[in-house]
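These notes are about the structure you will find just below.
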Amino acid sequence: MTDADPTARNRLDEEESPYLRQHADNPVNWQPWDEAALAAAEEQDKPIFLSIGYAACHWCHVMEEESFEDEAIAELLNEQFVPIKVDREERPDIDSVYMSICQQVSGRGGWPLNAWLTPDGDPFYVGTYFPPEPKRGAPGFRQLLEDISESWADPEQREEMESRARQWTEAIEDDLESTPDQPGEAPDEGVLDTVASAALRGADREFGGWGKGQKFPQPGRLRALMRAHAADGRDAYREVVEETLDAMADGGLYDHVGGGFHRYTTDREWVVPHFEKMLYDNAELARVFLTGYQFTGRERYRETARETLEFVERELTHPDGGFYSTLDAESADGSGEREEGAFYVWTPDGIDDAIAEYGPEHGIPGEQADLAADIFRERYGVTPTGNFENGQTVLTRSESVESLADDYGLSTDDAEQLLDAGKAAVFEARAERPRPPRDEKVLAGWNGLMISAFAEAALVDDEAWAETATDALDFARENLWDADSGRLSRRFKDGDVAIQGYLEDYAFLARGAFDTYQVTGEVDHLAFALDLARTVEAEFWDDEAETLYFTPQSGESLVARPQELADQSTPSSAGVAAELLLALDAFVDHDRFESVAGGVLATHGNRVESNPQQHPSLALAADTYRRGAHELTLAAESMPVSWRETLADTYVPRRVLAPRPATDDALDGWLDALGLAEAPPVWASREARDGEPTVYACRSRACSPPTHDLNEALAWFEE
């Protein structure tokens with residue numbers, strides 16, 4: 001590389017992103033999105049070819065093999081364009097900007113996202129995957145490059161392209177950046193029923209979930225349905241929750257051998273997944289299954305969450321405590337070729353061999369190996385024809401344990417024991433297969449989501465999960481947080497820390513810290529949540545527009561400053577931030593947090609009410625804003641075991657736990673740690689009474705009498 005021409009070679013070997021490094025050996029002279037690349041485009045007056053993807057993206061791999069490793073295509077890209085690669089997981093702001101116009105122009109989106117930009121960054125052509133040659137109505141990538149290059153060189157056509165780029169940039173700004181001209185009001189108390197009713201109307205009552213083709217998890221909708229049912233008891237809301245949780249836990253979305261969830265299924269019936277495993281999906285689904293257990297009392301939901309968290313601890317956890325980002329969908333098959341799902345699919349012979357080889361060490365006597373294999377295959381639908389490619393099977397729960405026990409003349413306990421031993425044997429056999437590649441970058445926001453899941457599990461399942469939450473929170477605080485500046489970095493990879501944090505990083509990590517405080521009663525976690533929340537107010541809140549933007553005001557300027565209002569693969573960062581600020585408002589000596597949350601909800605209230613299914617996180621925040629949180633101040637040296645057991649089994653919507661020391665003298669040390677002159681409202685005058693653990697239930701600034709009986713306090717919320 002020379003200073004005069006940074007585009008003279010592929011520079012991705014200097015990057016830490018595993019996705020960018022995957023492209024470091026391409027003949028394309030890929031550039032990272034940085035000042036050098038953008039300046040080169042302006043200086044050379046070349047259009048930018050921007051390609052956005054992520055490490056676990058199947059079609060990103062396909063396009064790389066077909067086009068980006070092709071010498072002739074690479075020559076075209078290198079000579080006529082400035083080719084830039086972006087990892088969407090590192091730079092969601094860039095992805096948001098150009099995905100907006102892709103969806104507006106084509107009506108759909110996806111990855112890889114490919115866009116052609118003017119040297120100023122304005123887009124004039126956009127799409128997703130392009131085959132190297134024309135195919136099924138899609139233009140060929142090679143011809144597309146030639147056509148765009150020729151048009152750019154023609155002054156008249158270039159003027160048209162630049163005019164389109166200006167129009168598209170205005171469309172992006174209108175979609176992502178604008179706010180209503182007239183101030184509105186936060187949605188009223190009916191907002192939750194609006195969301196739940198829309199979710200009910202759109203639900204697939206035959207197969208569970210939403211949609212008639214691909215099926216994606218929708219944890220925000222499930223949360224809204226559960227809350228709405230708690231408010232009005234409508235049976236259909238509960239039915240949709242159970243139908244969807246059952247479908248996700250029974251189908252191929254779930255890994256029945258190793259635990260954890262894949263990204264989505266390609267079919268309506270939840271059978272065949274897109275096999276990558278994302279940290280954020282497993283975080284949000286673990287949480288919603290834990291809540292589902294509290295909501296329904298069905299132990300299988302808690303078990304599903306537990307197995308998911310065990311998978312995360314085993315396969316996505318950094319030795320020092322943070323969480324890695326993804327497992328790839330592809331891995332090597334028996335012939336050494338990379339195939340999607342190769343690690344996860346089975347044939348009948350494969351099951352038989354696994355149980356014959358590994359069954360004895362897991363308690364299956366040799367004479368019962370065939371029986372155990374038969375029961376396992378029937379339980380999980382493994383057949384000679386399969387349900388996937390080449391006669392292979394994605395495991396699904398296809399038969400109940402009770403029916404199998406009856407068919408084979410066994411007790412239910414004996415059938416269960418054989419299945420558990422068979423699963424252990426199959427897991428061990430699978431461990432010998434080539435593993436899917438792992439993206440080992442640690443992202444602040446995604447870690448926040450998973451920290452919340454482990455913290456919730458510490459309350460609902462096993463107190464020991466709190467240690468995992470605390471370790472991950474400490475990792476983020478040590479490696480990504482700069483206490484002196486009060487600023488958070490987004491990404492850690494092999495000791496390298498980079499990228500200014502976005503709203504999702506601050507909001508999700510702050511919620512993780514607050515959730516960890518709620519279950520551990522450690523004030524340092526609360527202090528960290530408050531520090532992050534103060535930066536949310538300082539860097540992301542726009543007082544004039546009365547909204548929270550996704551990018552910090554001190555950050556890089558793109559063609560638009562996006563907001564993240566709708567729930568997508570992760571919850572809306574604006575919605576999570578609003579609900580978090582409402583919870584934290586009780587712990588500060590000012591009302592700015594509530595004002596920010598109320599401002600966001602008022603600004604976007606009409607959007608939530610007009611398109612409720614897309615905005616469940618904002619709707620949940622609006623519900624808390626209107627109805628008030630269910631606050632439980634716990635004055636005790638430690639939470640009594642009986643209280644933990646009660647909270648584990650009880651669904652409490654809008655729950656906020658506020659543990660504090662038993663005495664005001666001990667509370668003084670907490671106030672010093674938080675920099676407060678006096679106790680905030682949630683703790684003030686709420687000491688333990690009679691030397692015993694005491695609970696105070698409060699909502700909307702009205703409180704129950706102090707009591708030593710948690711059930712009595714919870715009953716007060718129903719009065």
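Letters A, B, ... go to the chains of the structure tokens in the order shown; residues in each chain start at 1; ligands are counted from 1 in the same order.
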
Hey, which bits of range 98-176 of chain A sit within 10 Å of range 39-56 of chain A, and for each residue what's the closest pair of atoms and how far apart in Å (one decimal), counting only C-alpha atoms, rows by chain and increasing number, as CSV?
```
residue,atom,partner,partner_atom,distance
A:Tyr98,CA,A:Ile52,CA,9.2
A:Met99,CA,A:Ile52,CA,9.5
A:Gly110,CA,A:Gly53,CA,8.9
A:Trp111,CA,A:Gly53,CA,5.5
A:Pro112,CA,A:Gly53,CA,4.8
A:Leu113,CA,A:Ile52,CA,5.0
A:Asn114,CA,A:Ser51,CA,4.5
A:Ala115,CA,A:Leu50,CA,5.1
A:Trp116,CA,A:Phe49,CA,4.7
A:Leu117,CA,A:Ile48,CA,4.9
A:Thr118,CA,A:Pro47,CA,4.9
A:Pro119,CA,A:Glu42,CA,5.0
A:Asp120,CA,A:Glu42,CA,7.1
A:Gly121,CA,A:Ile48,CA,7.5
A:Asp122,CA,A:Ile48,CA,9.4
A:Pro123,CA,A:Ile48,CA,9.0
A:Phe124,CA,A:Pro47,CA,9.6
A:Tyr125,CA,A:Phe49,CA,9.6
A:Val126,CA,A:Leu50,CA,9.3
A:Gly127,CA,A:Ser51,CA,9.8
A:Thr128,CA,A:Ser51,CA,9.0
A:Tyr129,CA,A:Ser51,CA,9.9
A:Leu145,CA,A:Phe49,CA,9.3
A:Ile148,CA,A:Pro47,CA,9.1
A:Ser149,CA,A:Pro47,CA,8.4
A:Trp152,CA,A:Pro47,CA,7.9
A:Ala153,CA,A:Lys46,CA,9.5
```

Could you save the residues just selected, with N, CA, C and O atoms, as a compact mmCIF listing (two decimals), in the first residue's frame?
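Below is the file selection11.txt, written as the result:
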```txt
# COMPACT_ATOMS: atom_id res chain seq x y z
N TYR A 98 -28.16 2.18 4.14
CA TYR A 98 -28.29 1.66 2.78
C TYR A 98 -29.33 0.54 2.68
O TYR A 98 -29.91 0.33 1.60
N MET A 99 -29.62 -0.13 3.78
CA MET A 99 -30.73 -1.08 3.77
C MET A 99 -32.05 -0.35 3.62
O MET A 99 -32.99 -0.85 2.98
N GLY A 110 -31.88 -7.76 2.69
CA GLY A 110 -31.15 -8.98 3.01
C GLY A 110 -29.67 -8.78 2.79
O GLY A 110 -29.23 -7.68 2.40
N TRP A 111 -28.93 -9.83 3.04
CA TRP A 111 -27.48 -9.75 2.93
C TRP A 111 -26.97 -10.90 2.07
O TRP A 111 -27.54 -12.00 2.11
N PRO A 112 -25.95 -10.64 1.25
CA PRO A 112 -25.18 -9.40 1.20
C PRO A 112 -26.02 -8.25 0.66
O PRO A 112 -26.85 -8.44 -0.23
N LEU A 113 -25.77 -7.08 1.20
CA LEU A 113 -26.36 -5.84 0.68
C LEU A 113 -25.30 -5.17 -0.17
O LEU A 113 -24.20 -4.88 0.32
N ASN A 114 -25.61 -4.93 -1.44
CA ASN A 114 -24.64 -4.34 -2.37
C ASN A 114 -25.19 -3.02 -2.90
O ASN A 114 -26.32 -2.98 -3.40
N ALA A 115 -24.41 -1.97 -2.76
CA ALA A 115 -24.87 -0.64 -3.19
C ALA A 115 -23.74 0.08 -3.92
O ALA A 115 -22.57 -0.06 -3.56
N TRP A 116 -24.13 0.82 -4.92
CA TRP A 116 -23.19 1.67 -5.64
C TRP A 116 -23.46 3.11 -5.23
O TRP A 116 -24.62 3.57 -5.26
N LEU A 117 -22.41 3.82 -4.84
CA LEU A 117 -22.54 5.15 -4.26
C LEU A 117 -21.71 6.15 -5.06
O LEU A 117 -20.68 5.80 -5.64
N THR A 118 -22.14 7.41 -5.02
CA THR A 118 -21.28 8.47 -5.52
C THR A 118 -20.09 8.60 -4.56
O THR A 118 -20.13 8.08 -3.44
N PRO A 119 -19.04 9.29 -4.95
CA PRO A 119 -17.91 9.48 -4.02
C PRO A 119 -18.32 10.16 -2.71
O PRO A 119 -17.63 10.02 -1.70
N ASP A 120 -19.47 10.87 -2.71
CA ASP A 120 -19.97 11.50 -1.49
C ASP A 120 -20.74 10.53 -0.60
O ASP A 120 -21.16 10.89 0.50
N GLY A 121 -20.97 9.31 -1.10
CA GLY A 121 -21.68 8.32 -0.30
C GLY A 121 -23.16 8.21 -0.59
O GLY A 121 -23.87 7.45 0.08
N ASP A 122 -23.67 8.95 -1.58
CA ASP A 122 -25.09 8.88 -1.93
C ASP A 122 -25.34 7.68 -2.85
O ASP A 122 -24.64 7.53 -3.86
N PRO A 123 -26.32 6.84 -2.55
CA PRO A 123 -26.54 5.63 -3.35
C PRO A 123 -27.32 5.91 -4.64
O PRO A 123 -28.23 6.75 -4.65
N PHE A 124 -26.96 5.20 -5.73
CA PHE A 124 -27.72 5.33 -6.97
C PHE A 124 -28.12 3.99 -7.56
O PHE A 124 -28.90 3.93 -8.51
N TYR A 125 -27.60 2.87 -7.02
CA TYR A 125 -28.05 1.54 -7.42
C TYR A 125 -27.85 0.62 -6.23
O TYR A 125 -26.85 0.75 -5.50
N VAL A 126 -28.81 -0.30 -6.01
CA VAL A 126 -28.75 -1.10 -4.80
C VAL A 126 -29.43 -2.44 -5.04
O VAL A 126 -30.35 -2.56 -5.86
N GLY A 127 -28.96 -3.45 -4.34
CA GLY A 127 -29.57 -4.78 -4.41
C GLY A 127 -28.96 -5.67 -3.36
O GLY A 127 -28.18 -5.23 -2.52
N THR A 128 -29.33 -6.94 -3.41
CA THR A 128 -28.77 -7.90 -2.45
C THR A 128 -27.82 -8.84 -3.20
O THR A 128 -26.83 -8.39 -3.76
N TYR A 129 -28.11 -10.11 -3.21
CA TYR A 129 -27.24 -11.07 -3.91
C TYR A 129 -27.40 -10.93 -5.42
O TYR A 129 -28.51 -10.85 -5.94
N LEU A 145 -21.60 -4.46 -13.41
CA LEU A 145 -20.42 -3.63 -13.20
C LEU A 145 -20.02 -2.89 -14.47
O LEU A 145 -19.70 -1.68 -14.44
N ILE A 148 -22.70 -0.07 -15.20
CA ILE A 148 -22.59 1.08 -14.30
C ILE A 148 -21.34 1.87 -14.60
O ILE A 148 -21.35 3.12 -14.60
N SER A 149 -20.25 1.18 -14.89
CA SER A 149 -19.00 1.87 -15.22
C SER A 149 -19.15 2.72 -16.47
O SER A 149 -18.71 3.88 -16.51
N TRP A 152 -21.33 5.76 -15.75
CA TRP A 152 -20.62 6.77 -14.95
C TRP A 152 -19.69 7.60 -15.84
O TRP A 152 -19.51 8.80 -15.59
N ALA A 153 -19.16 6.96 -16.86
CA ALA A 153 -18.23 7.67 -17.75
C ALA A 153 -18.96 8.56 -18.75
O ALA A 153 -18.33 9.43 -19.38
```

Polymer residues at most 7 Å from Gly381 in chain A, only C-alpha atoms, same-chain spacing of 2 or more positions, as a short mmCIF file (atom, residue, chain, number, x, y, z; two decimals) with N, CA and C atoms, in the first residue's frame:
```cif
data_model
loop_
_atom_site.label_atom_id
_atom_site.label_comp_id
_atom_site.auth_asym_id
_atom_site.auth_seq_id
_atom_site.Cartn_x
_atom_site.Cartn_y
_atom_site.Cartn_z
N ARG A 377 -34.87 -42.01 17.14
CA ARG A 377 -35.23 -41.65 15.77
C ARG A 377 -36.70 -41.27 15.67
N GLU A 378 -37.55 -42.01 16.37
CA GLU A 378 -38.97 -41.67 16.31
C GLU A 378 -39.27 -40.36 17.05
N ARG A 379 -38.61 -40.18 18.17
CA ARG A 379 -38.83 -38.94 18.94
C ARG A 379 -38.49 -37.72 18.10
N THR A 383 -35.84 -40.12 9.55
CA THR A 383 -36.38 -41.13 8.64
C THR A 383 -35.42 -41.35 7.47
N LEU A 395 -33.49 -32.41 13.17
CA LEU A 395 -34.23 -32.99 14.29
C LEU A 395 -35.38 -32.07 14.71
N THR A 396 -36.55 -32.67 14.89
CA THR A 396 -37.72 -31.99 15.45
C THR A 396 -38.38 -32.94 16.44
N ARG A 397 -39.08 -32.39 17.41
CA ARG A 397 -39.83 -33.26 18.33
C ARG A 397 -41.07 -33.75 17.59
N SER A 398 -41.04 -35.01 17.19
CA SER A 398 -42.10 -35.56 16.33
C SER A 398 -43.05 -36.49 17.04
#
```

Q. Which residue out of A:Ile355, A:Val345, A:Leu657, A:Ala72 has the minimum interatomic distance to Ala425 in chain A when only C-alpha atoms are used?
A.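 Of all the options, A:Ile355 lies closest to Ala425 in chain A.
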
**Q.** Distance query Arg234 in chain A at most 10 Å, only C-alpha atoms, self and fewer than 5 positions along chain excluded, as a PyMOL selection string
**A.** chain A and resi 193+225-226+228-229+239

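If only C-alpha atoms are the atoms counted, then among A:Arg534, A:Ala648, A:Phe130, A:Gln80 the closest residue to Asp147 in chain A is A:Gln80.
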
Q: If you run DSSP over the backbone, which residues in range 82-182 of chain A end up helix (DSSP H, G or I)? Put them as number ranges by chain.
A: A: 92-106, 141-153, 155-176

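Across A:Gly359, A:Gly258, A:Pro661, A:Gly350, the tightest approach to Phe311 in chain A is made by A:Gly258 when counting only C-alpha atoms.
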
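For Thr520 in chain A, the non-local neighbours within 12 Å, defined as residues at least 5 positions apart in the same chain or in other chains and counting only C-alpha atoms, are A:Phe454, A:Ala455, A:Glu456, A:Ala457, A:Ala458, A:Leu459, A:Glu463, A:Ala464, A:Trp465, A:Ala466, A:Glu467, A:Thr468, A:Ala469, A:Thr470, A:Ala513, A:Phe514, A:Asp515, A:His525, A:Leu526, A:Leu634, A:Ala636, A:Glu637, A:Ser638, A:Met639, A:Arg644, A:Leu657, A:Ala658, A:Pro659, A:Arg660.
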
Q. Counting only C-alpha atoms, which of A:Leu714, A:Cys57, A:Val460, A:Ala247 gets nearest to Leu327 in chain A?
A.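 Result for the nearest residue to Leu327 in chain A: A:Cys57.
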
Where does range 523-637 of chain A meet range 165-179 of chain A within 6 Å, residue by residue, with the nearest atom pair and distance in Å to one decimal for each, counting only C-alpha atoms, listed by chain and rising number, as a tab-separated table?
```
residue	atom	partner	partner_atom	distance
A:Ala560	CA	A:Glu173	CA	5.2
A:Arg561	CA	A:Glu177	CA	5.5
A:Pro562	CA	A:Leu176	CA	4.7
A:Gln563	CA	A:Leu176	CA	5.6
```

(Q) So that I can check the secondary structure, give me every residue of range 295-356 of chain A assigned strand (DSSP E or B) by backbone DSSP, as a list in words. (A) Thr317, Phe323, Thr326, Leu327, Glu330, Ser331, Ala332, Arg338, Glu339, Glu340 and Trp346 of chain A

Grab the residues selected above and save them as a CSV table (one decimal), in the first residue's frame with all heavy atoms.
```
chain,number,residue,atom,x,y,z
A,317,THR,N,-18.8,-18.3,24.8
A,317,THR,CA,-18.3,-17.5,26.0
A,317,THR,C,-16.8,-17.4,25.9
A,317,THR,O,-16.1,-18.3,25.8
A,317,THR,CB,-18.7,-18.1,27.3
A,317,THR,OG1,-20.2,-18.2,27.3
A,317,THR,CG2,-18.3,-17.3,28.5
A,323,PHE,N,-19.2,-12.5,25.7
A,323,PHE,CA,-19.8,-13.4,24.8
A,323,PHE,C,-19.5,-13.2,23.3
A,323,PHE,O,-19.5,-12.0,22.9
A,323,PHE,CB,-21.4,-13.4,24.9
A,323,PHE,CG,-21.8,-13.7,26.3
A,323,PHE,CD1,-22.4,-12.7,27.1
A,323,PHE,CD2,-21.6,-14.9,26.9
A,323,PHE,CE1,-22.9,-12.9,28.3
A,323,PHE,CE2,-22.1,-15.2,28.2
A,323,PHE,CZ,-22.7,-14.1,28.9
A,326,THR,N,-21.3,-15.1,16.9
A,326,THR,CA,-22.1,-16.0,16.1
A,326,THR,C,-21.4,-17.3,15.8
A,326,THR,O,-20.2,-17.4,15.9
A,326,THR,CB,-22.4,-15.4,14.7
A,326,THR,OG1,-21.2,-15.3,13.9
A,326,THR,CG2,-23.1,-14.1,14.7
A,327,LEU,N,-22.2,-18.4,15.5
A,327,LEU,CA,-21.7,-19.6,14.9
A,327,LEU,C,-22.2,-19.6,13.5
A,327,LEU,O,-23.4,-19.3,13.2
A,327,LEU,CB,-22.2,-20.8,15.6
A,327,LEU,CG,-21.6,-21.1,17.0
A,327,LEU,CD1,-22.2,-22.4,17.6
A,327,LEU,CD2,-20.1,-21.1,17.0
A,330,GLU,N,-22.6,-22.8,8.1
A,330,GLU,CA,-21.9,-23.8,7.3
A,330,GLU,C,-20.7,-24.4,8.1
A,330,GLU,O,-20.1,-23.8,8.9
A,330,GLU,CB,-21.3,-23.2,6.0
A,330,GLU,CG,-22.3,-22.6,5.1
A,330,GLU,CD,-21.7,-22.1,3.8
A,330,GLU,OE1,-20.5,-22.0,3.7
A,330,GLU,OE2,-22.5,-21.7,2.9
A,331,SER,N,-20.5,-25.7,7.7
A,331,SER,CA,-19.3,-26.4,8.2
A,331,SER,C,-18.9,-27.5,7.2
A,331,SER,O,-19.7,-27.7,6.3
A,331,SER,CB,-19.5,-26.9,9.6
A,331,SER,OG,-20.6,-27.8,9.7
A,332,ALA,N,-17.8,-28.1,7.4
A,332,ALA,CA,-17.4,-29.2,6.5
A,332,ALA,C,-18.2,-30.4,6.7
A,332,ALA,O,-18.5,-30.8,7.8
A,332,ALA,CB,-15.9,-29.5,6.7
A,338,ARG,N,-17.8,-27.4,2.4
A,338,ARG,CA,-18.6,-26.6,3.3
A,338,ARG,C,-20.0,-26.7,2.9
A,338,ARG,O,-20.4,-26.5,1.7
A,338,ARG,CB,-18.1,-25.2,3.3
A,338,ARG,CG,-16.9,-24.9,4.2
A,338,ARG,CD,-16.4,-23.5,4.0
A,338,ARG,NE,-17.5,-22.5,4.3
A,338,ARG,CZ,-17.6,-21.9,5.5
A,338,ARG,NH1,-16.8,-22.2,6.5
A,338,ARG,NH2,-18.6,-21.0,5.7
A,339,GLU,N,-20.9,-27.1,3.8
A,339,GLU,CA,-22.3,-27.3,3.5
A,339,GLU,C,-23.1,-26.6,4.7
A,339,GLU,O,-22.7,-26.8,5.9
A,339,GLU,CB,-22.7,-28.7,3.4
A,339,GLU,CG,-22.2,-29.4,2.2
A,339,GLU,CD,-22.8,-28.9,0.9
A,339,GLU,OE1,-23.9,-28.3,0.9
A,339,GLU,OE2,-22.2,-29.1,-0.2
A,340,GLU,N,-24.2,-26.0,4.3
A,340,GLU,CA,-25.1,-25.4,5.4
A,340,GLU,C,-25.7,-26.5,6.1
A,340,GLU,O,-26.3,-27.5,5.6
A,340,GLU,CB,-26.1,-24.5,4.8
A,340,GLU,CG,-27.0,-23.8,5.8
A,340,GLU,CD,-27.9,-22.8,5.3
A,340,GLU,OE1,-28.1,-22.7,4.1
A,340,GLU,OE2,-28.5,-22.1,6.1
A,346,TRP,N,-28.9,-35.3,10.4
A,346,TRP,CA,-28.6,-36.7,10.7
A,346,TRP,C,-29.3,-37.6,9.7
A,346,TRP,O,-30.3,-37.3,9.1
A,346,TRP,CB,-29.1,-37.1,12.2
A,346,TRP,CG,-28.3,-36.4,13.2
A,346,TRP,CD1,-28.6,-35.2,13.8
A,346,TRP,CD2,-27.1,-36.9,13.8
A,346,TRP,NE1,-27.6,-34.9,14.7
A,346,TRP,CE2,-26.7,-35.9,14.7
A,346,TRP,CE3,-26.4,-38.1,13.7
A,346,TRP,CZ2,-25.5,-36.1,15.5
A,346,TRP,CZ3,-25.2,-38.2,14.4
A,346,TRP,CH2,-24.8,-37.2,15.3
```

**Q.** Contacts of Glu402 in chain A within 12 Å, only C-alpha atoms, excl. fewer than 3 positions in-chain, as a ChimeraX atom specification
**A.** /A:375,379,399,405-416,419

Go ahead and save the residues from that selection, with N, CA and C atoms, as a tab-separated table (two decimals), in the first residue's frame.
```tsv
chain	number	residue	atom	x	y	z
A	375	ILE	N	-36.10	-45.44	19.53
A	375	ILE	CA	-36.89	-44.43	20.24
A	375	ILE	C	-36.39	-43.02	19.90
A	379	ARG	N	-38.61	-40.18	18.17
A	379	ARG	CA	-38.83	-38.94	18.94
A	379	ARG	C	-38.49	-37.72	18.10
A	399	GLU	N	-42.62	-37.06	18.17
A	399	GLU	CA	-43.48	-37.94	18.95
A	399	GLU	C	-43.31	-37.60	20.43
A	405	ALA	N	-43.37	-44.37	24.99
A	405	ALA	CA	-43.35	-45.33	26.09
A	405	ALA	C	-44.45	-46.37	25.91
A	406	ASP	N	-45.61	-45.91	25.51
A	406	ASP	CA	-46.74	-46.82	25.29
A	406	ASP	C	-46.45	-47.78	24.13
A	407	ASP	N	-45.89	-47.25	23.05
A	407	ASP	CA	-45.61	-48.08	21.86
A	407	ASP	C	-44.59	-49.18	22.17
A	408	TYR	N	-43.62	-48.86	23.02
A	408	TYR	CA	-42.53	-49.80	23.27
A	408	TYR	C	-42.68	-50.54	24.60
A	409	GLY	N	-43.82	-50.37	25.25
A	409	GLY	CA	-44.06	-51.10	26.49
A	409	GLY	C	-43.15	-50.69	27.63
A	410	LEU	N	-42.81	-49.39	27.70
A	410	LEU	CA	-41.92	-48.88	28.74
A	410	LEU	C	-42.69	-47.93	29.65
A	411	SER	N	-42.14	-47.72	30.83
A	411	SER	CA	-42.67	-46.63	31.65
A	411	SER	C	-42.18	-45.31	31.07
A	412	THR	N	-42.90	-44.25	31.38
A	412	THR	CA	-42.48	-42.93	30.89
A	412	THR	C	-41.08	-42.58	31.39
A	413	ASP	N	-40.79	-42.91	32.65
A	413	ASP	CA	-39.46	-42.62	33.20
A	413	ASP	C	-38.37	-43.39	32.46
A	414	ASP	N	-38.63	-44.66	32.15
A	414	ASP	CA	-37.62	-45.45	31.44
A	414	ASP	C	-37.39	-44.91	30.03
A	415	ALA	N	-38.48	-44.54	29.36
A	415	ALA	CA	-38.34	-43.97	28.01
A	415	ALA	C	-37.56	-42.66	28.07
A	416	GLU	N	-37.85	-41.85	29.09
A	416	GLU	CA	-37.16	-40.57	29.25
A	416	GLU	C	-35.67	-40.80	29.49
A	419	LEU	N	-33.98	-41.77	26.24
A	419	LEU	CA	-33.85	-40.61	25.36
A	419	LEU	C	-32.74	-39.68	25.83
```

(Q) Can you pull out the residues contacting range 270-274 of chain A? Cut-off 8 Å, using only C-alpha atoms, and skip same-chain residues under 5 positions away; I want them as a list of chain:residue names. (A) A:Phe207, A:Lys215, A:Ala247, A:Met248, A:Gly251, A:Gly252, A:Leu253, A:His262, A:Arg263, A:Tyr264, A:Thr265, A:Ala329, A:Glu340, A:Gly341, A:Asn387, A:Phe388, A:Val394, A:Thr396

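Restricting the calculation to only C-alpha atoms, the smallest distance between Arg223 in chain A and any of A:Glu313, A:Glu284, A:Asp496, A:Glu206 is found for A:Glu284.
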
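Relative to CA of Val608 in chain A, CA of Gln182 in chain A is found at 15.7 Å.
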